[in-house]
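Structure file target11.pdb; described as PDB, C-alpha atoms.
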ATOM      1  CA  MET A 337       0.000   0.000   0.000  1.00  0.00           C
ATOM      2  CA  LYS A 338       1.255   3.479  -0.850  1.00  0.00           C
ATOM      3  CA  THR A 339       2.367   5.540   2.133  1.00  0.00           C
ATOM      4  CA  GLU A 340      -0.003   8.375   1.206  1.00  0.00           C
ATOM      5  CA  ASP A 341      -2.915   5.957   1.727  1.00  0.00           C
ATOM      6  CA  LYS A 342      -1.488   3.874   4.566  1.00  0.00           C
ATOM      7  CA  TYR A 343      -0.563   6.922   6.635  1.00  0.00           C
ATOM      8  CA  ALA A 344      -3.359   9.276   5.592  1.00  0.00           C
ATOM      9  CA  PRO A 345      -4.484  11.596   8.425  1.00  0.00           C
ATOM     10  CA  GLN A 346      -7.089  10.007  10.688  1.00  0.00           C
ATOM     11  CA  ASN A 347      -7.860  13.231  12.561  1.00  0.00           C
ATOM     12  CA  LEU A 348      -6.868  16.881  12.460  1.00  0.00           C
ATOM     13  CA  ASN A 349      -3.877  16.243  14.719  1.00  0.00           C
ATOM     14  CA  ASP A 350      -2.350  14.140  11.926  1.00  0.00           C
ATOM     15  CA  VAL A 351      -2.573  16.959   9.372  1.00  0.00           C
ATOM     16  CA  ILE A 352       0.648  18.660   8.309  1.00  0.00           C
ATOM     17  CA  TYR A 353      -0.120  22.365   8.455  1.00  0.00           C
ATOM     18  CA  PRO A 354       1.924  24.949   6.551  1.00  0.00           C
ATOM     19  CA  ASN A 355       2.293  27.156   9.634  1.00  0.00           C
ATOM     20  CA  THR A 356       1.077  27.635  13.200  1.00  0.00           C
ATOM     21  CA  ALA A 357      -1.410  30.374  12.286  1.00  0.00           C
ATOM     22  CA  THR A 358      -3.288  28.066   9.899  1.00  0.00           C
ATOM     23  CA  ALA A 359      -3.329  25.252  12.460  1.00  0.00           C
ATOM     24  CA  LEU A 360      -4.788  27.634  15.047  1.00  0.00           C
ATOM     25  CA  ARG A 361      -7.534  28.796  12.672  1.00  0.00           C
ATOM     26  CA  ILE A 362      -8.571  25.248  11.807  1.00  0.00           C
ATOM     27  CA  ASN A 363      -8.557  24.356  15.502  1.00  0.00           C
ATOM     28  CA  GLY A 364     -10.752  27.396  16.129  1.00  0.00           C
ATOM     29  CA  TYR A 365     -13.431  25.915  13.863  1.00  0.00           C
ATOM     30  CA  ALA A 366     -12.943  22.416  15.285  1.00  0.00           C
ATOM     31  CA  THR A 367     -13.580  23.701  18.821  1.00  0.00           C
ATOM     32  CA  LYS A 368     -16.464  25.974  17.758  1.00  0.00           C
ATOM     33  CA  GLN A 369     -14.600  29.124  18.757  1.00  0.00           C
ATOM     34  CA  LEU A 370     -14.946  30.158  15.108  1.00  0.00           C
ATOM     35  CA  GLU A 371     -18.052  29.550  12.993  1.00  0.00           C
ATOM     36  CA  GLY A 372     -19.135  30.034   9.416  1.00  0.00           C
ATOM     37  CA  HIS A 373     -18.421  28.736   5.931  1.00  0.00           C
ATOM     38  CA  ILE A 374     -14.796  28.264   4.886  1.00  0.00           C
ATOM     39  CA  MET A 375     -12.826  27.991   1.661  1.00  0.00           C
ATOM     40  CA  LEU A 376      -9.491  26.165   1.750  1.00  0.00           C
ATOM     41  CA  HIS A 377      -7.355  27.238  -1.182  1.00  0.00           C
ATOM     42  CA  GLY A 378      -3.864  26.481  -2.404  1.00  0.00           C
ATOM     43  CA  PRO A 379      -1.872  24.198  -4.713  1.00  0.00           C
ATOM     44  CA  ASN A 380      -2.246  20.431  -4.993  1.00  0.00           C
ATOM     45  CA  GLY A 381      -1.235  18.201  -2.110  1.00  0.00           C
ATOM     46  CA  THR A 382      -1.480  20.663   0.789  1.00  0.00           C
ATOM     47  CA  SER A 383      -4.030  18.789   2.979  1.00  0.00           C
ATOM     48  CA  LYS A 384      -7.084  20.788   1.823  1.00  0.00           C
ATOM     49  CA  THR A 385      -9.176  17.687   1.141  1.00  0.00           C
ATOM     50  CA  SER A 386      -8.021  15.983   4.349  1.00  0.00           C
ATOM     51  CA  ILE A 387      -9.059  18.978   6.450  1.00  0.00           C
ATOM     52  CA  ALA A 388     -12.406  19.260   4.653  1.00  0.00           C
ATOM     53  CA  LYS A 389     -13.069  15.570   5.308  1.00  0.00           C
ATOM     54  CA  LEU A 390     -11.994  15.561   8.967  1.00  0.00           C
ATOM     55  CA  LEU A 391     -13.248  18.939  10.207  1.00  0.00           C
ATOM     56  CA  PRO A 392     -16.962  17.996  10.469  1.00  0.00           C
ATOM     57  CA  TYR A 393     -16.061  15.010  12.649  1.00  0.00           C
ATOM     58  CA  ALA A 394     -13.855  17.212  14.837  1.00  0.00           C
ATOM     59  CA  ILE A 395     -16.840  19.544  15.345  1.00  0.00           C
ATOM     60  CA  ASP A 396     -19.684  17.036  15.749  1.00  0.00           C
ATOM     61  CA  GLY A 397     -17.971  13.738  16.454  1.00  0.00           C
ATOM     62  CA  GLN A 398     -18.504  10.547  14.497  1.00  0.00           C
ATOM     63  CA  ASN A 399     -22.207  11.353  14.078  1.00  0.00           C
ATOM     64  CA  ALA A 400     -21.466  14.359  11.868  1.00  0.00           C
ATOM     65  CA  VAL A 401     -23.789  14.382   8.842  1.00  0.00           C
ATOM     66  CA  ILE A 402     -22.042  15.220   5.566  1.00  0.00           C
ATOM     67  CA  GLU A 403     -23.792  15.499   2.213  1.00  0.00           C
ATOM     68  CA  ASP A 404     -22.675  12.517   0.128  1.00  0.00           C
ATOM     69  CA  LYS A 405     -23.860  13.771  -3.266  1.00  0.00           C
ATOM     70  CA  HIS A 406     -21.529  15.437  -5.774  1.00  0.00           C
ATOM     71  CA  PHE A 407     -21.814  19.221  -5.701  1.00  0.00           C
ATOM     72  CA  ASP A 408     -23.373  19.366  -9.177  1.00  0.00           C
ATOM     73  CA  ASP A 409     -26.093  16.955  -8.040  1.00  0.00           C
ATOM     74  CA  VAL A 410     -26.756  19.034  -4.930  1.00  0.00           C
ATOM     75  CA  LEU A 411     -26.856  22.297  -6.839  1.00  0.00           C
ATOM     76  CA  GLY A 412     -29.112  20.702  -9.439  1.00  0.00           C
ATOM     77  CA  GLN A 413     -31.927  20.180  -6.914  1.00  0.00           C
ATOM     78  CA  LYS A 414     -35.139  21.790  -8.167  1.00  0.00           C
ATOM     79  CA  ASN A 415     -35.619  23.648  -4.892  1.00  0.00           C
ATOM     80  CA  LEU A 416     -32.185  23.788  -3.316  1.00  0.00           C
ATOM     81  CA  LYS A 417     -33.166  25.817  -0.272  1.00  0.00           C
ATOM     82  CA  ASP A 418     -35.979  23.434   0.706  1.00  0.00           C
ATOM     83  CA  TYR A 419     -33.695  20.439   0.101  1.00  0.00           C
ATOM     84  CA  LEU A 420     -31.038  21.873   2.416  1.00  0.00           C
ATOM     85  CA  ARG A 421     -33.561  23.124   4.966  1.00  0.00           C
ATOM     86  CA  ASN A 422     -35.042  19.627   5.287  1.00  0.00           C
ATOM     87  CA  ALA A 423     -31.574  18.098   5.644  1.00  0.00           C
ATOM     88  CA  CYS A 424     -30.585  20.662   8.265  1.00  0.00           C
ATOM     89  CA  SER A 425     -33.806  20.192  10.229  1.00  0.00           C
ATOM     90  CA  TYR A 426     -33.445  16.417  10.271  1.00  0.00           C
ATOM     91  CA  ASN A 427     -29.810  16.774  11.334  1.00  0.00           C
ATOM     92  CA  GLN A 428     -30.724  19.023  14.255  1.00  0.00           C
ATOM     93  CA  PHE A 429     -33.509  16.630  15.252  1.00  0.00           C
ATOM     94  CA  THR A 430     -30.915  13.850  15.516  1.00  0.00           C
ATOM     95  CA  GLY A 431     -28.584  16.001  17.630  1.00  0.00           C
ATOM     96  CA  GLY A 432     -26.076  17.385  15.110  1.00  0.00           C
ATOM     97  CA  SER A 433     -25.057  21.039  15.325  1.00  0.00           C
ATOM     98  CA  LYS A 434     -24.610  21.511  11.567  1.00  0.00           C
ATOM     99  CA  PHE A 435     -25.354  19.876   8.255  1.00  0.00           C
ATOM    100  CA  TYR A 436     -22.126  19.851   6.236  1.00  0.00           C
ATOM    101  CA  LEU A 437     -21.686  20.486   2.545  1.00  0.00           C
ATOM    102  CA  VAL A 438     -18.130  19.505   1.592  1.00  0.00           C
ATOM    103  CA  PHE A 439     -17.381  20.570  -1.975  1.00  0.00           C
ATOM    104  CA  ASN A 440     -13.913  19.551  -3.141  1.00  0.00           C
ATOM    105  CA  GLU A 441     -12.307  21.173  -6.197  1.00  0.00           C
ATOM    106  CA  PHE A 442     -15.302  23.458  -6.406  1.00  0.00           C
ATOM    107  CA  ASP A 443     -13.745  25.608  -9.136  1.00  0.00           C
ATOM    108  CA  ASN A 444     -14.755  22.799 -11.512  1.00  0.00           C
ATOM    109  CA  THR A 445     -18.475  23.436 -11.157  1.00  0.00           C
ATOM    110  CA  SER A 446     -20.316  24.928 -14.108  1.00  0.00           C
ATOM    111  CA  THR A 447     -23.605  25.337 -12.224  1.00  0.00           C
ATOM    112  CA  LYS A 448     -25.040  28.767 -11.462  1.00  0.00           C
ATOM    113  CA  LEU A 449     -24.545  29.448  -7.783  1.00  0.00           C
ATOM    114  CA  HIS A 450     -27.113  32.095  -6.807  1.00  0.00           C
ATOM    115  CA  LYS A 451     -29.331  29.499  -5.115  1.00  0.00           C
ATOM    116  CA  LEU A 452     -26.383  28.291  -3.062  1.00  0.00           C
ATOM    117  CA  TRP A 453     -25.347  31.645  -1.639  1.00  0.00           C
ATOM    118  CA  THR A 454     -28.979  32.428  -0.798  1.00  0.00           C
ATOM    119  CA  ALA A 455     -29.220  29.155   1.127  1.00  0.00           C
ATOM    120  CA  MET A 456     -25.872  29.869   2.830  1.00  0.00           C
ATOM    121  CA  ASP A 457     -27.377  33.107   4.171  1.00  0.00           C
ATOM    122  CA  ASP A 458     -30.770  31.757   5.173  1.00  0.00           C
ATOM    123  CA  LEU A 459     -29.508  28.542   6.801  1.00  0.00           C
ATOM    124  CA  SER A 460     -26.266  29.829   8.310  1.00  0.00           C
ATOM    125  CA  ASP A 461     -27.199  28.662  11.832  1.00  0.00           C
ATOM    126  CA  MET A 462     -27.749  25.076  10.655  1.00  0.00           C
ATOM    127  CA  LEU A 463     -25.442  24.721   7.648  1.00  0.00           C
ATOM    128  CA  MET A 464     -21.668  24.772   7.160  1.00  0.00           C
ATOM    129  CA  VAL A 465     -20.188  24.827   3.673  1.00  0.00           C
ATOM    130  CA  ILE A 466     -16.566  23.681   3.358  1.00  0.00           C
ATOM    131  CA  ILE A 467     -15.007  24.328  -0.052  1.00  0.00           C
ATOM    132  CA  THR A 468     -11.603  23.312  -1.393  1.00  0.00           C
ATOM    133  CA  THR A 469     -10.100  24.786  -4.523  1.00  0.00           C
ATOM    134  CA  ASN A 470      -6.850  25.404  -6.346  1.00  0.00           C
ATOM    135  CA  GLU A 471      -8.294  28.509  -7.993  1.00  0.00           C
ATOM    136  CA  PRO A 472     -10.356  30.595  -5.543  1.00  0.00           C
ATOM    137  CA  MET A 473     -10.785  33.450  -8.022  1.00  0.00           C
ATOM    138  CA  SER A 474     -12.573  31.039 -10.372  1.00  0.00           C
ATOM    139  CA  ILE A 475     -15.398  30.719  -7.831  1.00  0.00           C
ATOM    140  CA  HIS A 476     -18.120  33.357  -7.883  1.00  0.00           C
ATOM    141  CA  LYS A 477     -17.312  36.352  -5.691  1.00  0.00           C
ATOM    142  CA  SER A 478     -20.631  36.009  -3.856  1.00  0.00           C
ATOM    143  CA  ILE A 479     -19.558  32.570  -2.616  1.00  0.00           C
ATOM    144  CA  ARG A 480     -16.097  33.859  -1.681  1.00  0.00           C
ATOM    145  CA  SER A 481     -17.720  36.730   0.198  1.00  0.00           C
ATOM    146  CA  ARG A 482     -19.640  34.297   2.407  1.00  0.00           C
ATOM    147  CA  CYS A 483     -16.608  32.146   3.230  1.00  0.00           C
ATOM    148  CA  SER A 484     -13.568  32.696   5.377  1.00  0.00           C
ATOM    149  CA  LEU A 485     -10.653  32.065   3.035  1.00  0.00           C
ATOM    150  CA  ILE A 486      -7.886  29.913   4.501  1.00  0.00           C
ATOM    151  CA  GLN A 487      -4.747  29.668   2.421  1.00  0.00           C
ATOM    152  CA  MET A 488      -2.929  26.334   2.292  1.00  0.00           C
ATOM    153  CA  PRO A 489       0.480  27.107   0.759  1.00  0.00           C
ATOM    154  CA  ALA A 490       2.994  24.570  -0.507  1.00  0.00           C
ATOM    155  CA  VAL A 491       4.541  22.310   2.144  1.00  0.00           C
ATOM    156  CA  THR A 492       8.315  22.549   2.575  1.00  0.00           C
ATOM    157  CA  ALA A 493      10.585  19.526   2.864  1.00  0.00           C
ATOM    158  CA  ASN A 494      11.560  20.631   6.372  1.00  0.00           C
ATOM    159  CA  ALA A 495       7.898  20.760   7.420  1.00  0.00           C
ATOM    160  CA  PHE A 496       7.327  17.220   6.123  1.00  0.00           C
ATOM    161  CA  LEU A 497      10.547  15.772   7.596  1.00  0.00           C
ATOM    162  CA  PRO A 498       9.135  14.783  11.049  1.00  0.00           C
ATOM    163  CA  ARG A 499       6.218  12.899   9.431  1.00  0.00           C
ATOM    164  CA  ALA A 500       8.604  11.339   6.912  1.00  0.00           C
ATOM    165  CA  GLN A 501      10.748   9.983   9.724  1.00  0.00           C
ATOM    166  CA  GLN A 502       7.695   8.601  11.543  1.00  0.00           C
ATOM    167  CA  ILE A 503       6.607   6.773   8.392  1.00  0.00           C
ATOM    168  CA  LEU A 504      10.067   5.415   7.596  1.00  0.00           C
ATOM    169  CA  LYS A 505      10.607   4.141  11.151  1.00  0.00           C
ATOM    170  CA  ALA A 506       7.179   2.468  11.068  1.00  0.00           C
ATOM    171  CA  GLU A 507       8.357   0.712   7.903  1.00  0.00           C
ATOM    172  CA  GLY A 508      11.588  -0.412   9.591  1.00  0.00           C
ATOM    173  CA  LEU A 509      13.866   2.105   7.907  1.00  0.00           C
ATOM    174  CA  VAL A 510      16.070   4.328  10.055  1.00  0.00           C
ATOM    175  CA  LEU A 511      17.991   7.070   8.262  1.00  0.00           C
ATOM    176  CA  PRO A 512      19.600  10.277   9.496  1.00  0.00           C
ATOM    177  CA  ASP A 513      17.608  13.470   9.046  1.00  0.00           C
ATOM    178  CA  ASN A 514      20.040  14.967   6.539  1.00  0.00           C
ATOM    179  CA  GLN A 515      19.763  11.917   4.265  1.00  0.00           C
ATOM    180  CA  VAL A 516      15.951  11.905   4.325  1.00  0.00           C
ATOM    181  CA  LEU A 517      15.850  15.673   3.850  1.00  0.00           C
ATOM    182  CA  TYR A 518      18.178  15.394   0.843  1.00  0.00           C
ATOM    183  CA  HIS A 519      15.722  13.058  -0.906  1.00  0.00           C
ATOM    184  CA  LEU A 520      12.685  15.176   0.029  1.00  0.00           C
ATOM    185  CA  LYS A 521      14.414  18.254  -1.359  1.00  0.00           C
ATOM    186  CA  GLN A 522      14.469  16.603  -4.798  1.00  0.00           C
ATOM    187  CA  VAL A 523      10.680  17.101  -5.053  1.00  0.00           C
ATOM    188  CA  GLU A 524      10.312  20.209  -2.894  1.00  0.00           C
ATOM    189  CA  GLN A 525       9.586  22.410  -5.912  1.00  0.00           C
ATOM    190  CA  PHE A 526       6.117  20.819  -6.066  1.00  0.00           C
ATOM    191  CA  GLY A 527       5.324  21.435  -2.370  1.00  0.00           C
ATOM    192  CA  ASP A 528       3.012  18.436  -2.706  1.00  0.00           C
ATOM    193  CA  LEU A 529       2.517  15.900   0.089  1.00  0.00           C
ATOM    194  CA  ARG A 530       1.783  13.203  -2.477  1.00  0.00           C
ATOM    195  CA  LYS A 531       5.181  13.771  -4.100  1.00  0.00           C
ATOM    196  CA  TYR A 532       6.898  13.525  -0.716  1.00  0.00           C
ATOM    197  CA  CYS A 533       5.084  10.251   0.013  1.00  0.00           C
ATOM    198  CA  ARG A 534       6.112   8.825  -3.355  1.00  0.00           C
ATOM    199  CA  CYS A 535       9.682   9.730  -2.489  1.00  0.00           C
ATOM    200  CA  LEU A 536       9.306   7.700   0.723  1.00  0.00           C
ATOM    201  CA  ASP A 537       7.806   4.812  -1.267  1.00  0.00           C
ATOM    202  CA  GLU A 538      10.985   4.699  -3.347  1.00  0.00           C
ATOM    203  CA  LEU A 539      13.240   4.725  -0.270  1.00  0.00           C
ATOM    204  CA  ILE A 540      11.225   1.910   1.303  1.00  0.00           C
ATOM    205  CA  PHE A 541      11.373  -0.037  -1.974  1.00  0.00           C
ATOM    206  CA  LEU A 542      15.162   0.286  -2.129  1.00  0.00           C
ATOM    207  CA  ASN A 543      15.497  -0.847   1.476  1.00  0.00           C
ATOM    208  CA  ASN A 544      13.140  -3.822   1.043  1.00  0.00           C
ATOM    209  CA  SER A 545      14.995  -4.827  -2.134  1.00  0.00           C
ATOM    210  CA  GLY A 546      18.380  -4.772  -0.388  1.00  0.00           C
ATOM    211  CA  LEU A 547      19.591  -1.950  -2.586  1.00  0.00           C
ATOM    212  CA  PRO A 548      21.702   0.971  -1.334  1.00  0.00           C
ATOM    213  CA  ILE A 549      19.972   4.248  -0.554  1.00  0.00           C
ATOM    214  CA  PRO A 550      21.936   7.208  -1.922  1.00  0.00           C
ATOM    215  CA  ALA A 551      23.521   9.235   0.835  1.00  0.00           C
ATOM    216  CA  ALA A 552      23.273  12.984   1.099  1.00  0.00           C
ATOM    217  CA  PRO A 553      26.255  14.690  -0.542  1.00  0.00           C
ATOM    218  CA  SER A 554      28.839  16.007   1.847  1.00  0.00           C
ATOM    219  CA  PRO A 555      28.715  19.788   2.177  1.00  0.00           C
ATOM    220  CA  VAL A 556      31.392  21.522   0.171  1.00  0.00           C
ATOM    221  CA  ALA A 557      33.649  23.688   2.280  1.00  0.00           C
ATOM    222  CA  PRO A 558      33.860  27.249   0.979  1.00  0.00           C
ATOM    223  CA  ALA A 559      37.078  28.046  -0.781  1.00  0.00           C
ATOM    224  CA  LEU A 560      39.514  30.141   1.196  1.00  0.00           C
ATOM    225  CA  THR A 561      40.460  33.470  -0.275  1.00  0.00           C
ATOM    226  CA  VAL A 562      44.114  34.195   0.088  1.00  0.00           C
ATOM    227  CA  VAL A 563      44.875  37.850   0.488  1.00  0.00           C
ATOM    228  CA  LYS A 564      48.379  38.851  -0.343  1.00  0.00           C
ATOM    229  CA  VAL A 565      49.755  41.704   1.669  1.00  0.00           C
ATOM    230  CA  LYS A 566      52.258  43.831  -0.174  1.00  0.00           C
ATOM    231  CA  SER A 567      55.396  44.470   1.800  1.00  0.00           C
ATOM    232  CA  LYS A 568      56.415  48.089   2.167  1.00  0.00           C
TER     233      LYS A 568
END
Any chance you could put this one into structure tokens?
Amino acid sequence: MKTEDKYAPQNLNDVIYPNTATALRINGYATKQLEGHIMLHGPNGTSKTSIAKLLPYAIDGQNAVIEDKHFDDVLGQKNLKDYLRNACSYNQFTGGSKFYLVFNEFDNTSTKLHKLWTAMDDLSDMLMVIITTNEPMSIHKSIRSRCSLIQMPAVTANAFLPRAQQILKAEGLVLPDNQVLYHLKQVEQFGDLRKYCRCLDELIFLNNSGLPIPAAPSPVAPALTVVKVKSK
């Protein structure tokens, strides 16, 4: 099994956040100190989908009710507001605090969205919309206006290193930090957690196959500059 699947986050504590400020904001929603609709935006492989999947359960526990239809099917409802109102009412009757619409890669929708932002206003006490996107400006400004935008920038190799070491040790592979970091740096330009995990897959493959794992190059000492002093 690929490491990205085997070691996928099981809760928000497993998520690799780009910085402390973002982690604090997500925790604010998880603990109900912050409320409202959110839009997670940034490049591929930055934990947007993982957060969108796990956040409802952090808020409402394992009984969180999340819409399971594709966003185009939801938006295609003949009377969207009544559809969502009924879902929200049933959810509150069963003890949930919110009904969750999780729309991943929402910039791909071609549906008109005026019914959605009207429902977001009218049902704000019962409904939470969580959107992920690579292109926030491609989503209608009226939807953006109703969401708190949370940027998920590219993940650095240094930020991923602690998780990389946890995964490698779980797979029976112990390497020094500088060696692991050297290999992660080869894909750092993508800032993509999937790329980092595929890098780990290759290291684990080499180890399991009895093949040598390339070491990190030794740092090159800076050349000394010799200054000649003219004698008087």
*Test item: residues at most 8 Å from range 360-372 of chain A, only C-alpha atoms, excluding those fewer than 2 positions along its chain, as a ChimeraX atom specification*: /A:356-358,374,391-392,394-395,460,464-465,483-484
*Would you kindly translate the PyMOL selection byres ((chain A and resi 531) around 12) into the concrete residues it picks from this file, as a ChimeraX atom specification?*
/A:338-340,380-382,490-493,496,500,519-530,532-538
*With all atoms listed in the file counted, which protein, DNA or RNA residues have an atom no more than 9 Å from (-28.6, 25.0, 10.4) in the file frame? Please answer as a ChimeraX atom specification.*
/A:420-421,423-425,427-428,433-435,458-464
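CA of Asp404 in chain A lies 11.7 Å from CA of Asn440 in chain A.
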_One number please: CA of Asp443 in chain A to CA of Pro472 in chain A, in Å, one decimal._
7.0 Å
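Every protein or nucleic acid residue with an atom no more than 8 Å from range 429-432 of chain A, counting all atoms listed in the file and leaving out same-chain residues fewer than 6 positions away, appears here: Asp396, Asn399, Ala400 and Val401 of chain A.
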*asked:* Can you translate the PyMOL selection byres ((chain A and resi 377) around 6) into the concrete residues it hits in this file, as a ChimeraX atom specification?
replied: /A:376,378,468-470,487-488
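Going from CA of Gln398 in chain A to CA of Gln346 in chain A covers 12.0 Å.
Comparing the minimum interatomic distances between Val351 in chain A and each of A:Phe442, A:Met375, A:Gly397, A:Ser383, counting all atoms listed in the file, we find that A:Ser383 sits nearest.
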_Residues within 9 Å of range 547-556 of chain A, all atoms listed in the file, excluding chain neighbours under 5 positions, as a PyMOL selection string_ = chain A and resi 514-519+539+541-542
*asked:* I'd like to know which of A:Trp453, A:Tyr393, A:Tyr426, A:Phe439 is closest to Asp408 in chain A, using all atoms listed in the file.
replied: A:Phe439
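The shortest atom-to-atom distance to Gly508 in chain A, with only C-alpha atoms taken into account, belongs to A:Asn544 out of A:His450, A:Asp457, A:Tyr343, A:Asn544.
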*List the residues matched by the PyMOL selection byres ((chain A and resi 403) around 7) in the displayed structure as an NGL selection string, ordered by chain and then by residue number.*
:A and (401-402 or 404-405 or 436-438)
Once you have the residues from the selection above, write them out as a PDB file, in the coordinates of the input, restricted to C-alpha atoms.
ATOM      1  CA  VAL A 401     -23.789  14.382   8.842  1.00  0.00           C
ATOM      2  CA  ILE A 402     -22.042  15.220   5.566  1.00  0.00           C
ATOM      3  CA  ASP A 404     -22.675  12.517   0.128  1.00  0.00           C
ATOM      4  CA  LYS A 405     -23.860  13.771  -3.266  1.00  0.00           C
ATOM      5  CA  TYR A 436     -22.126  19.851   6.236  1.00  0.00           C
ATOM      6  CA  LEU A 437     -21.686  20.486   2.545  1.00  0.00           C
ATOM      7  CA  VAL A 438     -18.130  19.505   1.592  1.00  0.00           C
TER       8      VAL A 438
END
Give me the box for range 438-452 of chain A as JSON, namely the centre and edge lengths in Å to one decimal of a box along x, y and z that holds every listed atom plus 8 Å on each side.
{"center_x": -20.8, "center_y": 25.8, "center_z": -6.3, "size_x": 33.0, "size_y": 28.6, "size_z": 31.7}
